[in-house]
Each structure stands twice: as C-alpha cells, then as structure tokens.
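**Q** Dropping a structure here in structure tokens format, bear with me for questions.
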Amino acid sequence: MVFARLRERLGEYKRWALGQKRLRQKEAEFDTITKECSRSCGSEAAREVVEAVCRAYNREVCPDYTDDQIYTAREKWAEILHTMHKHGKYSSGNDVQILEGGDTCFPVMLEAIDSAKDRVWMESYIFDGSSVAERFYDALVRAKRRGVDVILILDACGGSAFRKEWLEHLRSIGVPVVVFNPMVPFLTDTIGPPCFRDHRKILVADNIGFCGSMNIHQETCSPKMGGDGHFYDVHSRMRGPCVKDLADVFISSLKESGSDIVRSSIPDVPAVAEPGMYVQVLNSCVRRQDYGLQKSLQLLLKSADQSVIIASAYFTPPGFLRRTLIDTITRRRVKTSLLVSGNSDFWPIPGDLMAQTHAVRQFVGLPGCDVSMYGAQHMHAKYSSFDGVYSFLGSNNFDRYSTRRNLECSIGVMDRGFAEGIRSIHEDKKHKGFKPSLDDWYFSNSFVRLGCFIAYYCLKLSGQNIVDGLNIYNTQWRLRKELLVKALNKEAGITVATGMMWGLC
C-alpha cells in the first residue's frame, strides 16, 4: 500500500515536472519570436505584439485554457502578427468602433467633417447625386469655407452619378476633386484599363478616421435619412495612431491616381487608450504588386484553428483564397461560417448573384461549414474574424476583382472585444437570413446551373490579363530575365577571352 501511494505521488511529480519543462520550452519559444520581431521591426513593435497577444490570451479571458494552451496560442499569434508586419503599418493605443448601417454611420461621419479644423480627406467608390450625398457635399463646402484642407477622390465608374454642378462648384472654391481613372481612353487622363478601379472607402477628418464598406449613396441608409435601405453595410470609426496609417493609404491613392496633388504624412496621432487596440491598416494595389491584404487573409485562414467568420458581397474568391478556405474547412476541420448576399444589386440580369451561386455551391453541405444568405437587404458588408481574437473590416470583398483589379483598404484588429462585436452582428444577420440547400432550385435546376456556370466564368475571364493586360509585371520580369540570360550567354565567351589577353600586351 505504501509503495503504491509512493508510486502514485512520484507519477504526479513526474507529470508536474514534465509540464513545467514544457512551459519553460514554450516560454523560450515565445521569447525567441519576440527577439526575432525586435531585431526585424524594433523593440517597440515587439512590445506591441507581446502586449496584444497577452491581452488576447490570459487566465482572465481564457479560464478554460491550461498554461500550456495559453503559451501555445500566444506563440502562434505573435508569429502571425510578426509575419504580417511587412504587409501594412500597425500601432497600439487605438479605439475602433463598429458602425452598422448608414443611419448610424452617416451622422457620425458628418459630425466629424463639421468638427474638423485641419483636414477632411475623403475617398469613395460611389458618391451619387441623392439627397443623402448632398449632405456630404454641403459638409465639404462648409469645411472648405472654414479654411480646412479638403480633398475628394471619386472613382470614375462608381462616382459617375456625382452631380456636375457639385464638381464644378467644389473646384471653383478650391477643393481638389480627383476622378480616378476616367473611363474614356485617349480622350481623358486614363491611368489604366477600365477595370482598374478605386474601391476604397476612407474618410480622415483631423484625428478621426473611417474605413469600411459604406459608399456615399442613398442605398446605404433608410428612408428616414432620404435613402432606400437596399444595402447592408458595416463601417468603422477609428481614433488613435492608426488614423495616421489610414491617411497614408489616402496619400497613396492620390499618387496612384496620377494627380499632381501632393500631401505629406500627417503628424503622429497620440494614443487614445491604454493599452488600447492593436490595429494594422492593410491595402492592396495591383500596379504596385502590393497584395498585402490578401496575403494576410490567406495567412489567417491557414493559421485559424478554432473558428472562421466571413461576410462578403459578390463571393467569388480567387483560386488561392478558395483553395485555402476549402483546406481550412475540410482538412483542418475549422468551424466556418459564411454569410453572403441573397439578392443582387445588378439589373436587369443578376450576373453577380449567378456567379456567386456557382462559387457558393461547393461550400454548401461541407461538414463544419455553415453557409447563410441574407436576403432582406443586399449584403454589402465585408468583414471576417479568426479564432475570436483577430478581425478584418474594410472594402475588400472575397472576389476576384478586389484581389486582381481594385485599390482596396481594410483594417485588421487584434482585440477580443472587437471580434465579439463582429461575431454579434454576424449572428444577427445569419439568423435573419436563410440557409441554402443543394436541393434548392438554383442549385438543382440544370438550366439555372448552366447560367450560373457561364456567369462565373465570364466574371473569371474578365479579370484575366488576356482581357486588359493590367497585371503584366510577372511577364515583364520573365522577359527581362530571358533577355539578360541570353545576353550573358552570348557575351560570356568574349568577356572571358578578353580577360585572358592581358599577357599578350
């Protein structure tokens, strides 16, 4: 009996000792990642990463986790944040508020414009001529009359409904209005093929920033604000150092537009919370070969091991994101929730919905994948969340055009509270929507499936280089490489022979 108890105690001690050894190993691995981050990005960046992951994973917020699980999660997310540093600027001490719908967001944006004293920089894909848009036009005019630096960037396609008299009046009072990539080649100052669009939705009003899916048009808000409420959008209000990073993206849009308007970076914005939220501002631009936003999404899909939440309009993901998402669901068994639109914003032929139906079909019925369609409004929000700790919110859709053709901007937030806010609005819209089945007519009817198949591949073809030649940088690089190799091979013999003739002189 005594020996049995002694053996049991020794076993408990051995397990405790092995656990302590593993914890020390985890601590050492975490320290290694921190030191690597400090060497490559600086000690301040390493401190921000450590604080962010420790706030996300600790005994207080993860009471069901063991010490080993906490250290493992910290190690994983520290490595993820460190890897993502090269894709966009990041900061701590921020506060980001989720704004759901135009009725909530537009008054806050208008108040920020009316309160601005130094700058109002606005960038929008759509800016129509509705009474809702007129409020923003009037606010921009008032800001300019107060002596504020006002700049407006409009996409030539999305902003085609912007009133001509507004454009002329803004320019007459000294407001630079940049029309991004006009649609008429040779007759206007085009900077690329017609499919190269500015899809960003940014507002910087002094030290307050806004970013998300919300355009300036009547479909984003309800009739009580003069709209029709057809679109469901989610935006964010940002305060803190991340506003400077958002302003830098706006400045990059100015440069990309070919405009002669030049602005330097705004002064550093002080932290508004301690420790505040860890925020990274990510963007993409095909002409600069900058795919940091999409590469970050792919990394997060590969790294998530608990849950993935995705909401997107026009869900037709490019191949690399589609394959990664399917692998996350099927091989790694990560619980995934997809929320897409159940109606179209194209008339009279709903080509976007048809193409999306073909793309969504392969996810419907997958074990561990919950697909929902929201049909009360057009689901235009673009957000995602991973493991309940990291979230994306911005203008980037899970579609081919956002990846291959558009200027995009999204924010990544490492914060459990923000992720819970994303999860909450996602669950609300998911329960108000409906769950498609492979037995539904749009999946089972052969003629409808053929139409969706054609729509999908027409969309896919329209985003290929063979159509517009926009993304030709890899081809150009291969051509230069081949020419260089050919020249070196041709001149190598002459060069070597000439170098050996020194003895004849």
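Every chain in the structure tokens takes a letter, A first, then B, and so on in the order presented; its residues are numbered from 1, and the ligands are numbered from 1 following the presented order.
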Where does region 125-175 of chain A meet region 107-116 of chain A within 8 Å, residue by residue, with the nearest atom pair and distance in Å to one decimal for each, counting only C-alpha atoms, listed by chain and rising number, as a tab-separated table?
**A**
```
residue	atom	partner	partner_atom	distance
A:Arg135	CA	A:Leu110	CA	7.9
A:Phe136	CA	A:Leu110	CA	6.7
A:Ala139	CA	A:Asp114	CA	6.3
A:Leu140	CA	A:Ile113	CA	7.2
A:Arg142	CA	A:Asp114	CA	7.4
A:Ala143	CA	A:Asp114	CA	6.4
A:Val148	CA	A:Ala116	CA	7.2
```
**Q** Counting only C-alpha atoms, which residues in region 223-306 of chain A sit no more than 8 Å from region 162-186 of chain A? For each one, give the nearest pair of atoms and the distance in Å, sorted by chain then residue number, as JSON lines.
**A**
```
{"residue": "A:Leu254", "atom": "CA", "partner": "A:Val178", "partner_atom": "CA", "distance": 7.9}
{"residue": "A:Ser257", "atom": "CA", "partner": "A:Phe180", "partner_atom": "CA", "distance": 5.5}
{"residue": "A:Ser259", "atom": "CA", "partner": "A:Val178", "partner_atom": "CA", "distance": 7.0}
{"residue": "A:Ile261", "atom": "CA", "partner": "A:Pro176", "partner_atom": "CA", "distance": 7.8}
```
**Q** Within 12 Å of region 337-351 of chain A, which residues of region 149-231 of chain A show up? Give each one with its shortest atom-to-atom distance in Å (one decimal) and the two atoms involved, counting only C-alpha atoms, rows by chain then rising residue number, as JSON lines.
**A**
```
{"residue": "A:Glu219", "atom": "CA", "partner": "A:Asp345", "partner_atom": "CA", "distance": 10.1}
{"residue": "A:His230", "atom": "CA", "partner": "A:Asp345", "partner_atom": "CA", "distance": 8.6}
{"residue": "A:Phe231", "atom": "CA", "partner": "A:Asp345", "partner_atom": "CA", "distance": 8.6}
```
